[in-house]
Amino acid sequence: MHGEYKTPGGKLVVVDFDVVDGRLCGVEVSGDFFLEPPEALERIAGALEGLPVSEAEEEQLAERIRASLDEGVEMVGFSPEAVARAVRRALP
Amino acid sequence: MSEQVVTRSEAQARWRQYRWQLLYGEAFDPAMQMALDEVLTRRVGAGQRLPTLRFWEWTAPAVVIGRFQSLRNEVDQEVARQLGITVVRRITGGGAMLTEPGKVITYSIYAPPELVAGMSFVESYAFLDAWVIEALRSLGIDAWYQPINDITSAEGKIGGAAQARRFGAVLHHVTMAYDISPQKVVQVLRIGREKLSDKGIPSAERRVAPLRQQTNLPRETITERMIEVFATRHGLEEGRLQPEEIAEAEELVRTKFGTHEWTAILP
């Protein structure tokens, strides 16, 4: 599955994953955004890994991503909501 | 833009609190460029080097992808290989770009974080490139800053900036197209429709307006004016790369920037 979302005035977020037994699997988040520290990207992808598709509402996804990030993480040109929207767009 | 964040005299004072060094002239291959950026950022962060402005010269064409981009989503690697273009990944975020020797103007600023203290990322981009906008305008190019990180003009985008705040320093680098063929860009880079969705631009080719299209001046003349303007605004001394910096960068090419593991860290 492949979904993209570009934040207006911001950057592109791309999400690639498979759905296995109704869950998100092998989640990769990429794009031309800025993120400090860079390692936070693994936290964002990790927050989505294994999530049941049935629970993948945009708001819930964004909340999960937000909760996974340490204080001091800077997302520039994108947001937890942007990643969530890219996931939703990937799903049928 | 910078004037909205800090006044012009405050901005002046911020830059002027440092002695700036210029690195200009020596050409390196693409992986070495990536490595030098990391080494020089570390050195400035550790206080082992004065804040530095480096102009890049390239020995070979390259596609440089952003830290968070997917290699396969961004680059047609088969076309890159056929055209003899090396694909490397940099440590800053942002988008993929095509560079060729003599056809782009690329520079890096390595600065202490205090230079941009109190500014948001978005504010600091315009602040760190205000001297470039002045230099381009002084050459008759109607350039302005398009947040977050684009240097643009009525004819189209000239270049893009990317930043990382790491190793105790700020790395800010920019590539401007001088004579890059927009057709070649779309041949080797996959520029999706979603990316163009809020730009209102129908064709990817039209997104880039290389400097040579906007002025007849040689590339060196533009670079030299940029150096003049930086020197006048902020002060600038000639510097040189230290042998240990080059050695450290060569080691980083071997262990990181020249490896497939790094380039395909996001496959």
# chains A, B, ... in the order shown; residues from 1 in each chain; ligands from 1
>>> select_by_dssp(residues="region 74-135 of chain B", states="strand (DSSP E)", output="short mmCIF file (atom, residue, chain, number, x, y, z; two decimals) with C-alpha atoms, in the first residue's frame")
data_model
loop_
_atom_site.label_atom_id
_atom_site.label_comp_id
_atom_site.auth_asym_id
_atom_site.auth_seq_id
_atom_site.Cartn_x
_atom_site.Cartn_y
_atom_site.Cartn_z
CA THR B 86 25.93 8.97 -8.70
CA VAL B 87 23.13 8.84 -6.14
CA VAL B 88 24.04 9.97 -2.63
CA ARG B 89 22.05 10.80 0.50
CA MET B 97 18.13 17.46 -6.51
CA LEU B 98 20.29 16.98 -9.57
CA THR B 99 23.75 18.54 -9.68
CA VAL B 104 24.73 24.52 -10.04
CA ILE B 105 25.82 26.86 -7.26
CA THR B 106 25.96 25.00 -3.96
CA TYR B 107 27.07 26.37 -0.61
CA SER B 108 26.94 25.40 3.05
CA ILE B 109 26.88 27.50 6.18
CA TYR B 110 28.21 25.88 9.35
CA ALA B 111 27.24 28.01 12.32
#
>>> residues_around(residues="region 10-19 of chain B", least_positions_apart="3", cutoff="10 Å", atoms="only C-alpha atoms", output="ChimeraX atom specification")
/B:2-3,5-7,50-52,111-112,114-117,127-128,130,230,233-237
>>> write_last_selection(atoms="C-alpha atoms", output="PDB file, in the first residue's frame")
ATOM      1  CA  SER B   2      14.473  38.137   8.305  1.00  0.00           C
ATOM      2  CA  GLU B   3      13.440  41.689   9.097  1.00  0.00           C
ATOM      3  CA  VAL B   5      11.985  38.136  12.956  1.00  0.00           C
ATOM      4  CA  VAL B   6      14.827  40.337  14.070  1.00  0.00           C
ATOM      5  CA  THR B   7      15.501  43.876  12.923  1.00  0.00           C
ATOM      6  CA  LEU B  50      35.451  28.954  12.989  1.00  0.00           C
ATOM      7  CA  PRO B  51      31.947  29.391  11.571  1.00  0.00           C
ATOM      8  CA  THR B  52      32.330  28.689   7.884  1.00  0.00           C
ATOM      9  CA  ALA B 111      27.236  28.009  12.322  1.00  0.00           C
ATOM     10  CA  PRO B 112      26.862  27.962  16.080  1.00  0.00           C
ATOM     11  CA  GLU B 114      23.182  30.887  18.781  1.00  0.00           C
ATOM     12  CA  LEU B 115      23.147  32.511  15.335  1.00  0.00           C
ATOM     13  CA  VAL B 116      19.499  31.444  14.956  1.00  0.00           C
ATOM     14  CA  ALA B 117      18.507  31.297  18.633  1.00  0.00           C
ATOM     15  CA  PHE B 127      17.443  34.641   7.785  1.00  0.00           C
ATOM     16  CA  LEU B 128      20.377  32.459   6.731  1.00  0.00           C
ATOM     17  CA  ALA B 130      19.036  36.905   3.167  1.00  0.00           C
ATOM     18  CA  PHE B 230      28.527  37.989   2.441  1.00  0.00           C
ATOM     19  CA  ARG B 233      27.401  42.160   5.428  1.00  0.00           C
ATOM     20  CA  HIS B 234      28.992  39.666   7.771  1.00  0.00           C
ATOM     21  CA  GLY B 235      32.766  39.772   7.360  1.00  0.00           C
ATOM     22  CA  LEU B 236      34.680  36.903   5.754  1.00  0.00           C
ATOM     23  CA  GLU B 237      38.263  35.627   5.871  1.00  0.00           C
TER      24      GLU B 237
END
>>> residues_around(residues="Phe28 (chain B)", least_positions_apart="6", cutoff="9 Å", atoms="only C-alpha atoms", output="list in words")
Trp56, Glu57, Trp58, Thr59 and Ala60 of chain B
>>> interface_residues(of="chain B", to="chain A", cutoff="6 Å", atoms="only C-alpha atoms", output="MDAnalysis selection string")
chainID B and resid 68:70 93:95
>>> residues_around(residues="Gly102 (chain B)", least_positions_apart="6", cutoff="12 Å", atoms="only C-alpha atoms", output="number ranges by chain")
B: 25, 27, 56-61, 176-180, 212, 218-220, 223
>>> write_last_selection(atoms="C-alpha atoms", output="compact mmCIF listing (two decimals), in the first residue's frame")
# COMPACT_ATOMS: atom_id res chain seq x y z
CA GLY B 25 37.61 26.38 -5.02
CA ALA B 27 36.28 20.16 -6.12
CA TRP B 56 31.07 23.42 -3.38
CA GLU B 57 32.64 22.43 -6.65
CA TRP B 58 31.63 19.06 -8.07
CA THR B 59 33.85 16.57 -9.90
CA ALA B 60 30.92 14.46 -11.08
CA PRO B 61 27.15 14.67 -11.57
CA MET B 176 20.71 26.78 -6.91
CA ALA B 177 20.30 25.68 -10.50
CA TYR B 178 22.60 27.61 -12.83
CA ASP B 179 22.35 25.64 -16.05
CA ILE B 180 20.61 22.39 -15.10
CA ARG B 212 21.45 31.22 -16.62
CA PRO B 218 28.95 33.44 -15.95
CA ARG B 219 28.48 31.22 -12.93
CA GLU B 220 31.73 32.47 -11.34
CA THR B 223 29.44 33.18 -6.95
>>> select_by_dssp(residues="chain A", states="alpha helix (DSSP H)", output="JSON, numbers by chain")
{"A": [40, 41, 42, 43, 44, 45, 46, 47, 48, 58, 59, 60, 61, 62, 63, 64, 65, 66, 67, 68, 80, 81, 82, 83, 84, 85, 86, 87, 88, 89, 90]}
>>> write_last_selection(atoms="N, CA, C and O atoms", output="compact mmCIF listing (two decimals), in the first residue's frame")
# COMPACT_ATOMS: atom_id res chain seq x y z
N ALA A 40 13.88 10.17 15.13
CA ALA A 40 12.46 10.19 15.47
C ALA A 40 11.61 9.55 14.37
O ALA A 40 10.47 9.15 14.61
N LEU A 41 12.18 9.43 13.17
CA LEU A 41 11.42 8.80 12.08
C LEU A 41 11.05 7.36 12.42
O LEU A 41 9.96 6.90 12.09
N GLU A 42 11.96 6.66 13.09
CA GLU A 42 11.66 5.27 13.47
C GLU A 42 10.52 5.21 14.48
O GLU A 42 9.73 4.27 14.48
N ARG A 43 10.43 6.22 15.34
CA ARG A 43 9.33 6.26 16.31
C ARG A 43 8.00 6.46 15.60
O ARG A 43 6.98 5.86 15.96
N ILE A 44 8.02 7.31 14.59
CA ILE A 44 6.78 7.59 13.85
C ILE A 44 6.30 6.32 13.15
O ILE A 44 5.13 5.93 13.26
N ALA A 45 7.23 5.66 12.44
CA ALA A 45 6.85 4.42 11.74
C ALA A 45 6.45 3.35 12.76
O ALA A 45 5.49 2.61 12.55
N GLY A 46 7.19 3.29 13.87
CA GLY A 46 6.92 2.30 14.91
C GLY A 46 5.54 2.47 15.53
O GLY A 46 4.89 1.49 15.92
N ALA A 47 5.07 3.70 15.62
CA ALA A 47 3.76 3.97 16.22
C ALA A 47 2.63 3.39 15.36
O ALA A 47 1.53 3.15 15.85
N LEU A 48 2.93 3.16 14.08
CA LEU A 48 1.90 2.66 13.17
C LEU A 48 1.97 1.15 12.98
O LEU A 48 1.00 0.51 12.57
N GLU A 58 -8.18 8.59 11.14
CA GLU A 58 -7.16 9.63 11.04
C GLU A 58 -6.78 10.22 12.40
O GLU A 58 -5.60 10.37 12.72
N GLU A 59 -7.79 10.51 13.19
CA GLU A 59 -7.53 11.15 14.48
C GLU A 59 -6.72 10.24 15.42
O GLU A 59 -5.79 10.68 16.08
N GLN A 60 -7.12 8.95 15.43
CA GLN A 60 -6.42 7.99 16.29
C GLN A 60 -4.97 7.82 15.86
O GLN A 60 -4.07 7.75 16.69
N LEU A 61 -4.78 7.74 14.55
CA LEU A 61 -3.43 7.59 14.02
C LEU A 61 -2.55 8.77 14.44
O LEU A 61 -1.43 8.59 14.92
N ALA A 62 -3.09 9.95 14.26
CA ALA A 62 -2.31 11.16 14.59
C ALA A 62 -1.98 11.17 16.08
O ALA A 62 -0.86 11.50 16.48
N GLU A 63 -2.94 10.77 16.89
CA GLU A 63 -2.73 10.76 18.34
C GLU A 63 -1.64 9.75 18.74
O GLU A 63 -0.78 10.04 19.57
N ARG A 64 -1.68 8.60 18.10
CA ARG A 64 -0.65 7.58 18.38
C ARG A 64 0.75 8.08 18.02
O ARG A 64 1.72 7.85 18.75
N ILE A 65 0.82 8.73 16.87
CA ILE A 65 2.13 9.25 16.42
C ILE A 65 2.61 10.32 17.40
O ILE A 65 3.75 10.29 17.87
N ARG A 66 1.70 11.22 17.76
CA ARG A 66 2.07 12.30 18.67
C ARG A 66 2.58 11.74 20.00
O ARG A 66 3.59 12.19 20.54
N ALA A 67 1.89 10.72 20.48
CA ALA A 67 2.25 10.14 21.78
C ALA A 67 3.60 9.42 21.74
O ALA A 67 4.26 9.27 22.76
N SER A 68 4.02 9.00 20.54
CA SER A 68 5.28 8.26 20.44
C SER A 68 6.50 9.17 20.44
O SER A 68 7.63 8.70 20.59
N PRO A 80 1.89 15.05 12.71
CA PRO A 80 1.26 13.73 12.91
C PRO A 80 0.00 13.58 12.05
O PRO A 80 -0.25 12.51 11.50
N GLU A 81 -0.75 14.66 11.90
CA GLU A 81 -1.98 14.61 11.10
C GLU A 81 -1.66 14.32 9.63
O GLU A 81 -2.42 13.62 8.95
N ALA A 82 -0.56 14.89 9.14
CA ALA A 82 -0.18 14.68 7.73
C ALA A 82 0.18 13.21 7.49
O ALA A 82 -0.20 12.63 6.47
N VAL A 83 0.91 12.62 8.44
CA VAL A 83 1.27 11.21 8.31
C VAL A 83 -0.01 10.36 8.34
O VAL A 83 -0.20 9.44 7.53
N ALA A 84 -0.91 10.70 9.28
CA ALA A 84 -2.17 9.96 9.41
C ALA A 84 -2.98 10.03 8.11
O ALA A 84 -3.54 9.03 7.66
N ARG A 85 -2.99 11.19 7.50
CA ARG A 85 -3.75 11.34 6.26
C ARG A 85 -3.14 10.50 5.13
O ARG A 85 -3.87 9.89 4.33
N ALA A 86 -1.81 10.45 5.09
CA ALA A 86 -1.15 9.62 4.07
C ALA A 86 -1.51 8.14 4.28
O ALA A 86 -1.74 7.41 3.31
N VAL A 87 -1.58 7.70 5.54
CA VAL A 87 -1.98 6.31 5.83
C VAL A 87 -3.41 6.07 5.35
O VAL A 87 -3.70 5.07 4.68
N ARG A 88 -4.30 6.98 5.68
CA ARG A 88 -5.71 6.83 5.27
C ARG A 88 -5.83 6.73 3.74
O ARG A 88 -6.60 5.96 3.21
N ARG A 89 -5.02 7.53 3.06
CA ARG A 89 -5.09 7.54 1.60
C ARG A 89 -4.56 6.24 1.00
O ARG A 89 -4.93 5.89 -0.12
N ALA A 90 -3.68 5.57 1.77
CA ALA A 90 -3.13 4.30 1.26
C ALA A 90 -4.17 3.19 1.38
O ALA A 90 -4.15 2.23 0.61
>>> atom_distance(atom1="CA of Val174 (chain B)", atom2="CA of Gly159 (chain B)")
6.9 Å
>>> residues_around(residues="Ala249 (chain B)", least_positions_apart="6", cutoff="8 Å", atoms="only C-alpha atoms", output="list in words")
Met32, Ala35, Leu36, Glu38 and Val39 of chain B
>>> write_last_selection(atoms="N, CA, C and O atoms", output="PDB file, in the first residue's frame")
ATOM      1  N   MET B  32      32.009  12.536  -1.046  1.00  0.00           N
ATOM      2  CA  MET B  32      32.921  13.358  -0.247  1.00  0.00           C
ATOM      3  C   MET B  32      32.243  14.674   0.164  1.00  0.00           C
ATOM      4  O   MET B  32      32.450  15.176   1.271  1.00  0.00           O
ATOM      5  N   ALA B  35      30.148  13.935   3.114  1.00  0.00           N
ATOM      6  CA  ALA B  35      30.988  13.677   4.285  1.00  0.00           C
ATOM      7  C   ALA B  35      31.568  14.976   4.831  1.00  0.00           C
ATOM      8  O   ALA B  35      31.612  15.189   6.052  1.00  0.00           O
ATOM      9  N   LEU B  36      32.011  15.849   3.924  1.00  0.00           N
ATOM     10  CA  LEU B  36      32.582  17.129   4.384  1.00  0.00           C
ATOM     11  C   LEU B  36      31.541  17.929   5.152  1.00  0.00           C
ATOM     12  O   LEU B  36      31.856  18.580   6.149  1.00  0.00           O
ATOM     13  N   GLU B  38      29.164  16.795   7.036  1.00  0.00           N
ATOM     14  CA  GLU B  38      29.060  16.268   8.406  1.00  0.00           C
ATOM     15  C   GLU B  38      30.293  16.635   9.229  1.00  0.00           C
ATOM     16  O   GLU B  38      30.183  17.091  10.368  1.00  0.00           O
ATOM     17  N   VAL B  39      31.469  16.476   8.641  1.00  0.00           N
ATOM     18  CA  VAL B  39      32.715  16.751   9.372  1.00  0.00           C
ATOM     19  C   VAL B  39      32.783  18.223   9.785  1.00  0.00           C
ATOM     20  O   VAL B  39      33.100  18.540  10.942  1.00  0.00           O
TER      21      VAL B  39
END
>>> atom_distance(atom1="CA of Gly47 (chain B)", atom2="CA of Phe167 (chain B)")
10.8 Å
>>> closest_residue(among="B:Arg254, B:Arg67, B:Lys103, B:Arg207", to="Thr175 (chain B)", atoms="only C-alpha atoms")
B:Lys103
>>> atom_distance(atom1="CA of Ala209 (chain B)", atom2="CA of Leu22 (chain B)")
27.4 Å
